[in-house]
>>> print(open('target24.txt').read())   # compact mmCIF, C-alpha atoms
# COMPACT_ATOMS: atom_id res chain seq x y z
CA MET D 2 1.14 -32.96 20.50
CA ALA D 3 0.17 -29.38 21.41
CA ALA D 4 2.38 -26.48 20.53
CA ASP D 5 4.43 -24.92 23.32
CA PRO D 6 2.45 -21.90 24.68
CA ALA D 7 5.64 -19.84 24.56
CA GLU D 8 6.03 -20.64 20.86
CA ALA D 9 2.38 -19.73 20.25
CA LEU D 10 2.89 -16.42 22.04
CA ALA D 11 6.07 -15.73 20.06
CA ALA D 12 4.13 -16.36 16.84
CA LEU D 13 1.45 -13.94 17.96
CA ARG D 14 4.05 -11.30 18.78
CA ARG D 15 5.58 -11.59 15.30
CA LEU D 16 2.20 -11.35 13.64
CA SER D 17 0.62 -8.58 15.70
CA ARG D 18 -0.57 -5.43 13.93
CA GLY D 19 -0.03 -3.36 17.06
CA VAL D 20 -2.46 -1.45 19.26
CA PRO D 21 -4.85 1.07 17.66
CA GLY D 22 -4.23 4.66 18.69
CA ASP D 23 -7.73 5.23 20.04
CA TRP D 24 -7.25 2.22 22.34
CA THR D 25 -4.27 3.98 23.91
CA GLU D 26 -6.29 7.10 24.68
CA ARG D 27 -9.19 5.12 26.10
CA ALA D 28 -6.87 2.91 28.16
CA LEU D 29 -5.36 6.00 29.77
CA ARG D 30 -8.80 7.41 30.61
CA ILE D 31 -9.90 4.07 32.12
CA GLN D 32 -6.70 3.81 34.17
CA ALA D 33 -7.25 7.35 35.43
CA GLY D 34 -10.86 6.57 36.42
CA GLU D 35 -12.21 9.06 33.89
CA GLU D 36 -14.09 6.46 31.85
CA GLU D 37 -15.63 3.06 32.52
CA ALA D 38 -14.97 0.06 30.32
CA ALA D 39 -17.88 -1.07 28.16
CA PRO D 40 -19.61 -4.25 29.36
CA ALA D 41 -18.50 -7.46 27.63
CA ARG D 42 -21.38 -9.29 25.96
CA ASP D 43 -21.51 -13.10 25.88
CA ALA D 44 -20.47 -14.56 22.54
CA SER D 45 -19.45 -17.89 21.01
CA THR D 46 -17.13 -18.80 18.18
CA VAL D 47 -16.36 -22.16 16.58
CA VAL D 48 -13.19 -23.30 14.85
CA LEU D 49 -14.41 -25.73 12.21
CA LEU D 50 -11.76 -28.31 11.36
CA ARG D 51 -11.20 -30.95 8.70
CA ASP D 52 -8.41 -33.29 7.66
CA GLY D 53 -7.02 -32.03 4.34
CA ARG D 54 -4.56 -33.67 1.99
CA GLU D 55 -1.60 -32.07 3.74
CA GLY D 56 -2.96 -32.16 7.27
CA LEU D 57 -5.27 -30.30 9.62
CA GLU D 58 -7.23 -27.37 8.12
CA ALA D 59 -9.32 -24.63 9.75
CA TYR D 60 -12.19 -22.66 8.26
CA LEU D 61 -11.76 -18.87 8.21
CA LEU D 62 -13.93 -16.09 6.87
CA ARG D 63 -13.06 -12.45 6.20
CA ARG D 64 -15.45 -9.91 7.65
CA VAL D 65 -16.56 -7.22 5.21
CA ALA D 66 -14.83 -3.85 5.49
CA THR D 67 -18.05 -2.11 6.58
CA MET D 68 -18.44 -4.13 9.80
CA ALA D 69 -18.26 -2.16 13.05
CA PHE D 70 -16.15 -4.84 14.74
CA ALA D 71 -13.11 -6.62 13.26
CA ALA D 72 -13.67 -5.18 9.79
CA GLY D 73 -11.48 -6.82 7.16
CA MET D 74 -10.22 -9.40 9.67
CA TYR D 75 -10.16 -13.15 9.19
CA VAL D 76 -12.19 -14.81 11.94
CA TYR D 77 -13.97 -18.06 12.80
CA PRO D 78 -17.76 -18.33 12.59
CA GLY D 79 -19.26 -16.75 15.66
CA GLY D 80 -21.13 -13.88 17.24
CA ARG D 81 -22.91 -12.71 20.34
CA VAL D 82 -25.58 -14.71 22.12
CA ASP D 83 -29.18 -14.06 21.08
CA PRO D 84 -31.38 -13.99 24.23
CA ARG D 85 -33.63 -16.51 22.46
CA ASP D 86 -30.76 -19.01 22.36
CA ALA D 87 -31.73 -19.86 25.94
CA GLU D 88 -35.24 -20.92 24.86
CA LEU D 89 -34.13 -24.31 23.55
CA PRO D 90 -36.36 -27.14 24.89
CA VAL D 91 -34.61 -29.68 27.09
CA ASN D 92 -35.49 -32.52 24.69
CA ALA D 93 -33.75 -30.74 21.80
CA TRP D 94 -30.29 -31.34 23.26
CA ASP D 95 -27.83 -34.20 22.80
CA GLY D 96 -24.58 -34.33 24.69
CA PRO D 97 -23.14 -33.21 28.03
CA PRO D 98 -25.83 -31.39 30.07
CA ALA D 99 -25.70 -27.65 30.61
CA ASP D 100 -24.54 -28.17 34.20
CA ASP D 101 -21.41 -29.87 32.89
CA TRP D 102 -20.75 -27.06 30.40
CA ALA D 103 -21.26 -24.45 33.13
CA GLY D 104 -18.07 -25.36 34.97
CA ILE D 105 -16.08 -25.52 31.75
CA LEU D 106 -17.35 -22.21 30.36
CA HIS D 107 -17.19 -20.24 33.64
CA ALA D 108 -20.92 -19.48 33.53
CA ASP D 109 -24.14 -20.63 35.15
CA ALA D 110 -26.09 -23.45 33.50
CA ALA D 111 -28.56 -21.18 31.66
CA VAL D 112 -25.80 -19.04 30.16
CA ALA D 113 -23.73 -22.12 29.31
CA ARG D 114 -26.69 -23.61 27.47
CA ALA D 115 -27.19 -20.37 25.52
CA LEU D 116 -23.47 -20.22 24.67
CA VAL D 117 -23.53 -23.73 23.19
CA CYS D 118 -26.71 -22.96 21.23
CA ALA D 119 -25.19 -19.71 19.99
CA ALA D 120 -22.11 -21.63 18.84
CA VAL D 121 -24.24 -24.02 16.76
CA ARG D 122 -26.50 -21.25 15.43
CA GLU D 123 -23.66 -18.90 14.45
CA THR D 124 -21.79 -21.72 12.73
CA PHE D 125 -24.85 -22.43 10.59
CA GLU D 126 -25.41 -18.74 9.86
CA GLU D 127 -21.83 -18.08 8.80
CA SER D 128 -20.78 -21.34 7.16
CA GLY D 129 -23.93 -23.31 6.32
CA VAL D 130 -22.77 -26.14 8.58
CA LEU D 131 -25.32 -27.32 11.15
CA LEU D 132 -24.24 -29.33 14.19
CA ALA D 133 -27.66 -30.87 14.75
CA GLY D 134 -29.54 -34.05 13.82
CA GLU D 135 -32.97 -35.67 13.93
CA HIS D 136 -31.90 -38.03 16.71
CA ALA D 137 -29.11 -38.35 19.24
CA GLY D 138 -25.94 -39.47 17.51
CA GLU D 139 -27.12 -38.29 14.08
CA VAL D 140 -26.27 -35.16 12.10
CA VAL D 141 -28.06 -33.44 9.24
CA ALA D 142 -26.68 -34.85 5.99
CA ASP D 143 -27.08 -31.79 3.75
CA THR D 144 -28.02 -28.14 4.32
CA THR D 145 -27.52 -26.74 0.82
CA GLY D 146 -31.15 -26.68 -0.35
CA ASP D 147 -33.10 -23.48 -0.99
CA ASP D 148 -35.35 -24.20 2.01
CA TRP D 149 -32.31 -24.32 4.29
CA GLU D 150 -31.01 -21.08 2.80
CA THR D 151 -34.32 -19.35 3.50
CA GLU D 152 -34.18 -20.41 7.12
CA ARG D 153 -30.52 -19.44 7.43
CA GLN D 154 -31.36 -15.93 6.24
CA ALA D 155 -34.28 -15.80 8.68
CA LEU D 156 -31.91 -16.61 11.53
CA ILE D 157 -29.57 -13.83 10.43
CA ASP D 158 -32.30 -11.17 10.30
CA ARG D 159 -33.69 -12.54 13.59
CA SER D 160 -37.17 -13.18 12.15
CA LEU D 161 -36.66 -16.83 13.17
CA SER D 162 -35.25 -18.07 16.45
CA PHE D 163 -32.87 -21.00 16.61
CA ALA D 164 -35.28 -22.89 18.88
CA SER D 165 -38.06 -22.43 16.31
CA LEU D 166 -35.85 -23.74 13.52
CA LEU D 167 -35.02 -26.87 15.51
CA GLU D 168 -38.66 -27.42 16.40
CA ARG D 169 -40.00 -27.14 12.86
CA ARG D 170 -37.22 -29.41 11.59
CA GLY D 171 -37.48 -31.87 14.48
CA LEU D 172 -33.78 -31.54 15.31
CA VAL D 173 -31.63 -31.75 18.42
CA VAL D 174 -28.46 -29.75 19.08
CA ARG D 175 -25.38 -31.99 18.96
CA ALA D 176 -23.58 -30.42 21.90
CA ASP D 177 -21.38 -33.52 22.01
CA LEU D 178 -19.75 -32.47 18.72
CA LEU D 179 -18.27 -29.37 20.33
CA ARG D 180 -15.15 -29.23 22.47
CA PRO D 181 -14.19 -26.23 24.62
CA TRP D 182 -10.96 -24.54 23.60
CA ALA D 183 -10.53 -21.01 24.94
CA HIS D 184 -12.14 -18.08 26.72
CA TRP D 185 -11.15 -14.58 25.61
CA ILE D 186 -12.51 -11.27 26.85
CA THR D 187 -12.00 -8.17 24.71
CA PRO D 188 -9.58 -5.63 26.26
CA GLU D 189 -11.21 -2.91 28.34
CA ALA D 190 -10.02 -0.21 25.97
CA GLU D 191 -12.09 -1.58 23.07
CA PRO D 192 -15.51 0.15 22.80
CA ARG D 193 -17.20 -3.06 21.56
CA ARG D 194 -16.39 -5.85 23.98
CA TYR D 195 -17.23 -9.55 23.99
CA ASP D 196 -16.88 -12.32 26.53
CA THR D 197 -16.20 -15.08 24.01
CA ARG D 198 -16.00 -18.83 24.47
CA PHE D 199 -14.08 -20.63 21.74
CA PHE D 200 -15.07 -24.13 20.67
CA VAL D 201 -13.58 -26.58 18.17
CA ALA D 202 -15.62 -28.99 16.04
CA ALA D 203 -15.09 -31.31 13.11
CA LEU D 204 -16.85 -30.65 9.81
CA PRO D 205 -19.66 -33.27 9.88
CA GLU D 206 -19.43 -36.00 7.28
CA GLY D 207 -21.58 -35.17 4.26
CA GLN D 208 -21.87 -31.46 5.03
CA ARG D 209 -19.81 -28.77 3.37
CA THR D 210 -19.19 -25.10 3.91
CA ARG D 211 -20.26 -22.64 1.27
CA ASP D 212 -19.86 -18.99 0.34
CA VAL D 213 -22.76 -17.68 2.36
CA GLY D 214 -22.12 -13.94 2.02
CA GLY D 215 -23.62 -11.46 4.47
CA GLU D 216 -20.97 -10.42 7.01
CA ALA D 217 -18.17 -12.16 5.07
CA ASP D 218 -16.75 -11.43 1.64
CA GLN D 219 -14.31 -14.36 1.49
CA VAL D 220 -14.01 -17.81 3.06
CA VAL D 221 -11.11 -20.25 3.00
CA TRP D 222 -9.89 -23.56 4.43
CA LEU D 223 -6.23 -23.34 5.43
CA ARG D 224 -3.67 -25.22 7.46
CA PRO D 225 -2.97 -23.17 10.61
CA GLN D 226 0.69 -22.83 9.61
CA GLU D 227 -0.28 -21.47 6.20
CA ALA D 228 -2.73 -18.98 7.67
CA LEU D 229 -0.04 -17.70 10.03
CA ARG D 230 2.44 -17.44 7.16
CA ARG D 231 -0.02 -15.38 5.12
CA MET D 232 -0.57 -13.12 8.10
CA ALA D 233 3.19 -12.66 8.49
CA ASP D 234 3.36 -11.74 4.80
CA GLY D 235 0.61 -9.14 5.24
CA ASP D 236 -1.92 -11.05 3.13
CA MET D 237 -4.29 -11.81 6.03
CA PHE D 238 -5.16 -9.78 9.10
CA MET D 239 -6.39 -11.29 12.36
CA MET D 240 -7.10 -10.30 15.93
CA PRO D 241 -4.88 -11.81 18.66
CA PRO D 242 -7.34 -14.57 19.73
CA THR D 243 -7.60 -15.85 16.15
CA ALA D 244 -3.85 -15.85 15.59
CA TYR D 245 -3.11 -17.34 19.00
CA THR D 246 -5.59 -20.17 18.42
CA LEU D 247 -4.03 -20.94 15.04
CA ALA D 248 -0.61 -21.02 16.66
CA GLU D 249 -1.89 -23.54 19.19
CA LEU D 250 -3.60 -25.65 16.52
CA SER D 251 -0.44 -25.74 14.44
CA GLY D 252 0.89 -28.28 16.92
CA TYR D 253 -1.72 -30.90 15.92
CA ASP D 254 -1.80 -33.12 12.85
CA THR D 255 -5.42 -34.33 12.75
CA VAL D 256 -8.92 -33.33 13.79
CA ASP D 257 -9.12 -36.26 16.19
CA GLU D 258 -6.02 -35.03 18.00
CA VAL D 259 -7.57 -31.60 18.49
CA LEU D 260 -10.89 -33.00 19.70
CA GLU D 261 -9.12 -35.30 22.14
CA ALA D 262 -7.11 -32.35 23.47
CA GLY D 263 -10.28 -30.28 23.76
CA SER D 264 -11.98 -32.96 25.84
CA ARG D 265 -9.16 -32.69 28.39
CA ARG D 266 -8.48 -28.97 28.12
CA ASP D 267 -8.47 -26.75 31.21
CA VAL D 268 -9.85 -23.53 29.74
CA LYS D 269 -8.42 -20.38 31.31
CA THR D 270 -9.93 -16.93 30.93
CA VAL D 271 -7.73 -14.55 28.95
CA LEU D 272 -8.23 -10.79 29.31
CA PRO D 273 -5.53 -8.94 27.34
CA LYS D 274 -4.46 -5.66 28.93
CA ILE D 275 -3.43 -2.45 27.23
CA VAL D 276 -0.35 -1.15 29.04
CA VAL D 277 0.80 2.38 28.21
CA ASP D 278 4.45 3.14 28.94
CA ALA D 279 6.34 6.34 28.24
CA ASP D 280 7.42 5.31 24.78
CA GLU D 281 5.05 2.54 23.70
CA THR D 282 1.66 0.90 24.06
CA ARG D 283 1.66 -2.87 24.51
CA LEU D 284 -0.97 -5.58 24.47
CA LEU D 285 -0.16 -8.05 27.25
CA LEU D 286 -1.58 -11.47 28.08
CA PRO D 287 -1.93 -12.75 31.68
CA HIS D 288 1.20 -14.87 31.73
CA GLU D 289 3.48 -12.16 30.29
CA GLU D 290 5.86 -10.06 32.32
CA GLY D 291 4.41 -6.67 33.11
CA TYR D 292 0.75 -7.78 33.09
CA PRO D 293 -1.09 -5.61 35.67
CA ALA D 294 -2.18 -7.42 38.84
>>> encode(input="target24.txt", output="structure tokens")
Amino acid sequence: MAADPAEALAALRRLSRGVPGDWTERALRIQAGEEEAAPARDASTVVLLRDGREGLEAYLLRRVATMAFAAGMYVYPGGRVDPRDAELPVNAWDGPPADDWAGILHADAAVARALVCAAVRETFEESGVLLAGEHAGEVVADTTGDDWETERQALIDRSLSFASLLERRGLVVRADLLRPWAHWITPEAEPRRYDTRFFVAALPEGQRTRDVGGEADQVVWLRPQEALRRMADGDMFMMPPTAYTLAELSGYDTVDEVLEAGSRRDVKTVLPKIVVDADETRLLLPHEEGYPA
């Protein structure tokens, strides 16, 4: 059964690191009409899940401290859409058509298709897990060879497009392995903004995550409750969407339960607002009291 949204929000409130000072200044300038918010770029992120010995576990990676966005934060695999993600041939797709995803992801069919492809590509880049197979209903059995690593690195440095990788390998995207979960837009006060669709997916049988390096310096599988506890103890830092998602997932016991919930989920767009009062700066979500109309 899903966690109560109020409980998830309460967990997020307890675990929040607060609002950065430069966000406050920028929020005031935007409210006064002195500065425009940066455009939010389309992005995808995937919460990889598995059934561990003690219950549901999620895959998290810590972004290196030198990153321009979310440095030192624990996140899920993900990133912005590469324009070439939209180049995927129609016959390299298995699962609900892009038109079906469009309504779910609040985007037109072309963008929805690119978002799903970006989700699969970014998951492979940042975890080594590839949600694709040679035929519909199949999934790649192992991606740990040196040849796979070479192609993963080529995707990261953008010398290889995702469509080209699928073509040379004779693979189809397993869009049916993804379930929609959330839609978060970065607050207007943040200089780097993303319009991010969150997906959930099970770790495919036979595949395994690995320490892939690059943008991450640490990876870990944790039960959502344990990840939230470590954040409360100051051992892990996360942005609100990550923590909120973990709080929601803490209400499920198995991967199948999450996937079933995802298949029925009514995804709402969440745009947190920075509200500056006389004595404090608050980060508010749409359903909270005081959220600007």
>>> residues_around(input="target24.txt", residues="Gly73 in chain D", least_positions_apart="6", cutoff="8 Å", atoms="all atoms listed in the file", output="list in words")
Arg63, Arg64, Val65, Ala66 and Phe238 of chain D
>>> residues_around(input="target24.txt", residues="range 201-207 of chain D", least_positions_apart="6", cutoff="7 Å", atoms="only C-alpha atoms", output="JSON list (two decimals) with C-alpha atoms, keeping the file's coordinate frame")
[["chain", "number", "residue", "atom", "x", "y", "z"],
["D", 47, "VAL", "CA", -16.36, -22.16, 16.58],
["D", 48, "VAL", "CA", -13.19, -23.30, 14.85],
["D", 49, "LEU", "CA", -14.41, -25.73, 12.21],
["D", 50, "LEU", "CA", -11.76, -28.31, 11.36],
["D", 51, "ARG", "CA", -11.20, -30.95, 8.70],
["D", 142, "ALA", "CA", -26.68, -34.85, 5.99],
["D", 143, "ASP", "CA", -27.08, -31.79, 3.75],
["D", 178, "LEU", "CA", -19.75, -32.47, 18.72],
["D", 179, "LEU", "CA", -18.27, -29.37, 20.33],
["D", 180, "ARG", "CA", -15.15, -29.23, 22.47],
["D", 181, "PRO", "CA", -14.19, -26.23, 24.62],
["D", 182, "TRP", "CA", -10.96, -24.54, 23.60],
["D", 256, "VAL", "CA", -8.92, -33.33, 13.79]]
>>> atom_distance(input="target24.txt", atom1="CA of Thr46 in chain D", atom2="CA of Glu139 in chain D")
22.3 Å
>>> closest_residue(input="target24.txt", among="D:Pro97, D:Pro273, D:Gly263, D:Gly291", to="Ile186 in chain D", atoms="only C-alpha atoms")
D:Pro273
>>> closest_residue(input="target24.txt", among="D:Leu29, D:Leu229, D:Ala262, D:Val173", to="Gly138 in chain D", atoms="all atoms listed in the file")
D:Val173
>>> residues_near_point(input="target24.txt", point="(-41.1, -30.5, 15.7)", cutoff="12 Å", atoms="all atoms listed in the file", output="PDB file with C-alpha atoms, in the frame of the given file")
ATOM      1  CA  PRO D  90     -36.360 -27.140  24.890  1.00  0.00           C
ATOM      2  CA  ASN D  92     -35.490 -32.520  24.690  1.00  0.00           C
ATOM      3  CA  ALA D  93     -33.750 -30.740  21.800  1.00  0.00           C
ATOM      4  CA  GLU D 135     -32.970 -35.670  13.930  1.00  0.00           C
ATOM      5  CA  HIS D 136     -31.900 -38.030  16.710  1.00  0.00           C
ATOM      6  CA  ALA D 164     -35.280 -22.890  18.880  1.00  0.00           C
ATOM      7  CA  SER D 165     -38.060 -22.430  16.310  1.00  0.00           C
ATOM      8  CA  LEU D 166     -35.850 -23.740  13.520  1.00  0.00           C
ATOM      9  CA  LEU D 167     -35.020 -26.870  15.510  1.00  0.00           C
ATOM     10  CA  GLU D 168     -38.660 -27.420  16.400  1.00  0.00           C
ATOM     11  CA  ARG D 169     -40.000 -27.140  12.860  1.00  0.00           C
ATOM     12  CA  ARG D 170     -37.220 -29.410  11.590  1.00  0.00           C
ATOM     13  CA  GLY D 171     -37.480 -31.870  14.480  1.00  0.00           C
ATOM     14  CA  LEU D 172     -33.780 -31.540  15.310  1.00  0.00           C
ATOM     15  CA  VAL D 173     -31.630 -31.750  18.420  1.00  0.00           C
TER      16      VAL D 173
END
>>> atom_distance(input="target24.txt", atom1="CA of Tyr77 in chain D", atom2="CA of Leu61 in chain D")
5.2 Å
>>> atom_distance(input="target24.txt", atom1="CA of Leu285 in chain D", atom2="CA of Tyr245 in chain D")
12.8 Å
>>> closest_residue(input="target24.txt", among="D:Met74, D:Ala99, D:Leu89, D:Ala183", to="Met240 in chain D", atoms="only C-alpha atoms")
D:Met74
>>> residues_around(input="target24.txt", residues="range 190-199 of chain D", least_positions_apart="5", cutoff="8 Å", atoms="all atoms listed in the file", output="number ranges by chain")
D: 24-25, 27-28, 31, 38-48, 70, 81, 106, 116, 181-185, 275
>>> residues_around(input="target24.txt", residues="Ile157 in chain D", least_positions_apart="5", cutoff="9 Å", atoms="only C-alpha atoms", output="PyMOL selection string")
chain D and resi 123+126-127+152+215
